[in-house]
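Have a look at the structure below before the remarks.
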Amino acid sequence: MKFILNKLFLNRLFKRPARDSWLTEMLLLAVILMAAATLFALRITQLEMHALAKPHQNNELWYVTNTALELHNLGRVARAAAATPPQADHDELSVRLEVLSSLLEPAEFAPRVSKSILPTLPNALQTLEKLSERTESWSYRLANSADPSQVTQEIATQVDELSEGLRHVVLAVHIASSIAQDNIRISHYQQFALLAWILVALLVGITLLVIKLIWDRQIMKRLSSHLESLNKRLETRVNRRTRQLAESKALLMFILDASPSEAALVNAESGDVLFINKTLLDKLELSSPPPQLFLKSLLVAPEQGEAFIDELDQYGRVDNWEAQVMPHKPYWSSLSAKLVEIEGKLAHLLWGFDVSEHRNLLNLLETQANTDSLTKLYNRRAFYKLGEQVLDGCKRYAHPCSVLMIDIDHFKRINDTYGHAVGDAAICSLSQTLRDTLRDADIIGRMGGEEFAVLLPHTDRQQALESAERLRQAVAATPINSASDDLHMTISIGAAVFNPQQNATLEQMLITADKALYKAKTTGRNRVEI
């Protein structure tokens, strides 16, 4: 119960910091975003302040006011010159015209007037353009006219009209400038308000982050204290478990060493022997463990050794792999292996059982199941199984194929006259003649009693007749193995040739050949019918 409570507490402590870590990361990201927004807002404010600090910003009011004042001075001088026309007054009038012209059309090196309000006032622009044209005209005429008093009189009469229009321009510019300044102040107020809110949010985020970090620090303190106590208990358990493992290892080594099966533990890469039991040492005919041992070298066939190691490395284990082992003294063994880790390095754990006796018994049973005990030829079942495979191959590649059914003539008379021993000798003699006369690729089987069947792959009609006739003559010329060499026997043969159009089975071909054999029997024996 105490262990379960500790585990629940640990799970709560470990899971909660995981959630808190996620929250801390989100708070940190929010603070970074707010700091970036603050820098952006400060940069915009800096640009606005820099723009406001530039000279000649929104100086249209100053421009039109000075122009109106200079136009007023021009009118005063013109009226004075019209009243008393001395030459000096005309010179002063010319100077005033030049000053007014320089205000309306400043030189290239003079400071430019920022015109952001005037383009929005078409009437003001027309008034200023009209004044500029009059000023240039008066200045030119005053400098080139023979009678300056006429120009002076014209200036004195028209300057009041121009002054009245210019006063309207000054008023319009003043109103538009006030509106523009109000808009600028409102925009600046909004920007500073946004900056203030961003700073407040940044301060709140930093505060929350600091609180969260302090809270995490308290949690980590508690966790560290609990982990320290758990670590002490864990060390105690590890020490106890280490002693248990050492005892288990010693017991395992004792069991493996006393085991009748072969067992070994070797390094997977270097082949260094970590353990080898006495049974395997005896199989290797060694008195002491070798320094190195590679598992694939234990198998007789090199390709099987490579395949064994590949499967072990790929799947981590191999179970009941039957193969011949010990190249110097081969025997069959059932091998099993597993990929294990020993002190941080991969190793192969191998154990095997000698199955030579079992293997020999299986081979004997398989031989008995497929072989006729008297003649050592294929029995009926094995003949059908192997014959169907060969016939399928001939069908697939459209190769010719033939079947022979063979029967000993008057076999009952041989048994009755000379006894069953001579009858068995006759059957064995015929089976040996079949082996000697026919090809290795031909399949020979004893179907029962004195009846035999032969499957001739890749054999057409003519070749089948030649083989059957050669076999008939060989049997007739071979004496039966008995006390008297004068005892001979003959055989009758029925043949059947595979017809691709009919797609016959092996059973059908044997029936056809049996019919031909019956015909050979009824027409005199010791002959071949197809």
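By order in the structure tokens, chains are A, B, ...; within a chain, residues start at 1; ligands start at 1, following the order shown.
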**Message:** When you look at Pro500 of chain A with a cut-off of 10 Å (counting only C-alpha atoms), what residues show up, excluding the ones that are within fewer than 5 positions of it in the same chain? I need them as number ranges by chain.
**Reply:** A: 394-395, 398-401
**Prompt:** Quick one: residues within 12 Å of segment 127-143 of chain A, only C-alpha atoms counted, chain neighbours fewer than 4 positions away excluded, as a ChimeraX atom specification?
**Reply:** /A:60,63-65,67-68,70-71,74-75,78,87,89-106,118-119,121-123,147-156,158-170,172
**Request:** Can you list, as a PyMOL selection string, all residues belonging to segment 404-528 of chain A that DSSP tags as alpha helix (DSSP H)?
**Result:** chain A and resi 411-418+420-437+461-477+506-522
**Message:** Taking only C-alpha atoms into account, name the residue in A:Gln314, A:Ser261, A:Thr24, A:Thr242 that is nearest to Leu281 of chain A.
**Reply:**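 Of the candidates, the smallest distance to Leu281 of chain A is held by A:Ser261.
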For Ile198 of chain A, please output as an mmCIF file with N, CA and C atoms, in the first residue's frame all residues within 12 Å (counting only C-alpha atoms; exclusion window: fewer than 6 positions along the same chain).
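The result, stored in result-v1.cif:
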data_model
loop_
_atom_site.group_PDB
_atom_site.id
_atom_site.type_symbol
_atom_site.label_atom_id
_atom_site.label_comp_id
_atom_site.auth_asym_id
_atom_site.auth_seq_id
_atom_site.Cartn_x
_atom_site.Cartn_y
_atom_site.Cartn_z
ATOM 1 N N ALA A 30 4.505 34.850 -24.409
ATOM 2 C CA ALA A 30 3.692 36.060 -24.367
ATOM 3 C C ALA A 30 4.520 37.275 -23.996
ATOM 4 N N VAL A 31 5.439 37.131 -23.028
ATOM 5 C CA VAL A 31 6.306 38.255 -22.632
ATOM 6 C C VAL A 31 7.200 38.679 -23.791
ATOM 7 N N ILE A 32 7.733 37.712 -24.519
ATOM 8 C CA ILE A 32 8.594 38.043 -25.670
ATOM 9 C C ILE A 32 7.799 38.794 -26.733
ATOM 10 N N LEU A 33 6.559 38.331 -27.000
ATOM 11 C CA LEU A 33 5.721 39.019 -27.998
ATOM 12 C C LEU A 33 5.388 40.437 -27.547
ATOM 13 N N MET A 34 5.064 40.622 -26.270
ATOM 14 C CA MET A 34 4.753 41.963 -25.774
ATOM 15 C C MET A 34 5.990 42.861 -25.802
ATOM 16 N N ALA A 35 7.151 42.313 -25.484
ATOM 17 C CA ALA A 35 8.381 43.106 -25.572
ATOM 18 C C ALA A 35 8.647 43.539 -27.012
ATOM 19 N N ALA A 36 8.413 42.628 -27.967
ATOM 20 C CA ALA A 36 8.584 42.992 -29.381
ATOM 21 C C ALA A 36 7.590 44.080 -29.779
ATOM 22 N N ALA A 37 6.325 43.961 -29.297
ATOM 23 C CA ALA A 37 5.333 44.996 -29.605
ATOM 24 C C ALA A 37 5.728 46.334 -28.994
ATOM 25 N N THR A 38 6.297 46.318 -27.789
ATOM 26 C CA THR A 38 6.745 47.558 -27.146
ATOM 27 C C THR A 38 7.854 48.214 -27.948
ATOM 28 N N LEU A 39 8.817 47.420 -28.377
ATOM 29 C CA LEU A 39 9.905 47.970 -29.202
ATOM 30 C C LEU A 39 9.361 48.565 -30.497
ATOM 31 N N PHE A 40 8.381 47.883 -31.094
ATOM 32 C CA PHE A 40 7.784 48.402 -32.325
ATOM 33 C C PHE A 40 7.088 49.738 -32.077
ATOM 34 N N ALA A 41 6.304 49.813 -30.978
ATOM 35 C CA ALA A 41 5.609 51.069 -30.671
ATOM 36 C C ALA A 41 6.595 52.189 -30.359
ATOM 37 N N LEU A 42 7.655 51.872 -29.620
ATOM 38 C CA LEU A 42 8.677 52.885 -29.326
ATOM 39 C C LEU A 42 9.362 53.371 -30.593
ATOM 40 N N GLN A 191 -1.445 56.646 -29.928
ATOM 41 C CA GLN A 191 -0.217 55.840 -29.947
ATOM 42 C C GLN A 191 0.360 55.672 -28.545
ATOM 43 N N PHE A 192 0.391 56.755 -27.788
ATOM 44 C CA PHE A 192 0.915 56.659 -26.426
ATOM 45 C C PHE A 192 -0.004 55.822 -25.537
ATOM 46 N N VAL A 204 2.368 42.988 -16.502
ATOM 47 C CA VAL A 204 1.552 41.895 -15.955
ATOM 48 C C VAL A 204 2.158 40.543 -16.329
ATOM 49 N N GLY A 205 2.568 40.395 -17.603
ATOM 50 C CA GLY A 205 3.162 39.136 -18.036
ATOM 51 C C GLY A 205 4.436 38.817 -17.278
#
**Request:** Determine which residues of segment 203-400 of chain A DSSP labels as strand (DSSP E) from the backbone of this structure, then write them out as a PyMOL selection string.
**Result:** chain A and resi 262-267+273-276+317-325+331-342+345-354
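Residues within 10 Å of Leu456 of chain A, counting only C-alpha atoms and excluding same-chain residues fewer than 2 positions away, are Gly387, Val390, Leu391, Pro400, Cys401, Ser402, Val403, Leu404, Leu438, Arg439, Ala441, Asp442, Ile443, Ile444, Ala453, Val454, His458, Thr459, Asp460, Gln463, Ala464, Ser467 and Val497 of chain A.
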**Request:** Find the residues near segment 507-519 of chain A: any atom within 6 Å, counting only C-alpha atoms, skip ones fewer than 6 places away on the same chain, and give them as a ChimeraX atom specification.
**Result:** /A:405,493-496,529-530
Can I get the selected residues back with C-alpha atoms, as an mmCIF file, in the first residue's frame?
data_model
loop_
_atom_site.group_PDB
_atom_site.id
_atom_site.type_symbol
_atom_site.label_atom_id
_atom_site.label_comp_id
_atom_site.auth_asym_id
_atom_site.auth_seq_id
_atom_site.Cartn_x
_atom_site.Cartn_y
_atom_site.Cartn_z
ATOM 1 C CA MET A 405 3.706 -50.875 -67.041
ATOM 2 C CA ILE A 493 5.485 -54.282 -71.191
ATOM 3 C CA GLY A 494 2.600 -51.927 -71.900
ATOM 4 C CA ALA A 495 3.461 -48.321 -72.820
ATOM 5 C CA ALA A 496 1.421 -45.108 -72.974
ATOM 6 C CA GLU A 529 2.607 -53.014 -76.754
ATOM 7 C CA ILE A 530 1.949 -49.258 -76.957
#
**Request:** Compare A:Lys329, A:Lys345, A:Lys338, A:Lys221 by their minimum atom-to-atom distance to Gly271 of chain A, counting only C-alpha atoms, and give me the closest one.
**Result:** A:Lys345
**Message:** From the options A:Ala347, A:Leu487, A:Glu451, A:Arg461, which residue's atoms come nearest to Val273 of chain A, counting only C-alpha atoms?
**Reply:**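 Once distances to Val273 of chain A are computed over only C-alpha atoms, the minimum belongs to A:Ala347.
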**Request:** Identify, on the basis of only C-alpha atoms, every residue whose closest approach to Leu293 of chain A does not exceed 10 Å; exclude the query and any residue fewer than 5 positions from it along the same chain; express the result as an NGL selection string.
**Result:** :A and (264-268 or 270-274 or 276 or 298)
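Interatomic distance, atom CA of Phe294 of chain A to atom CA of Glu357 of chain A: 25.9 Å.
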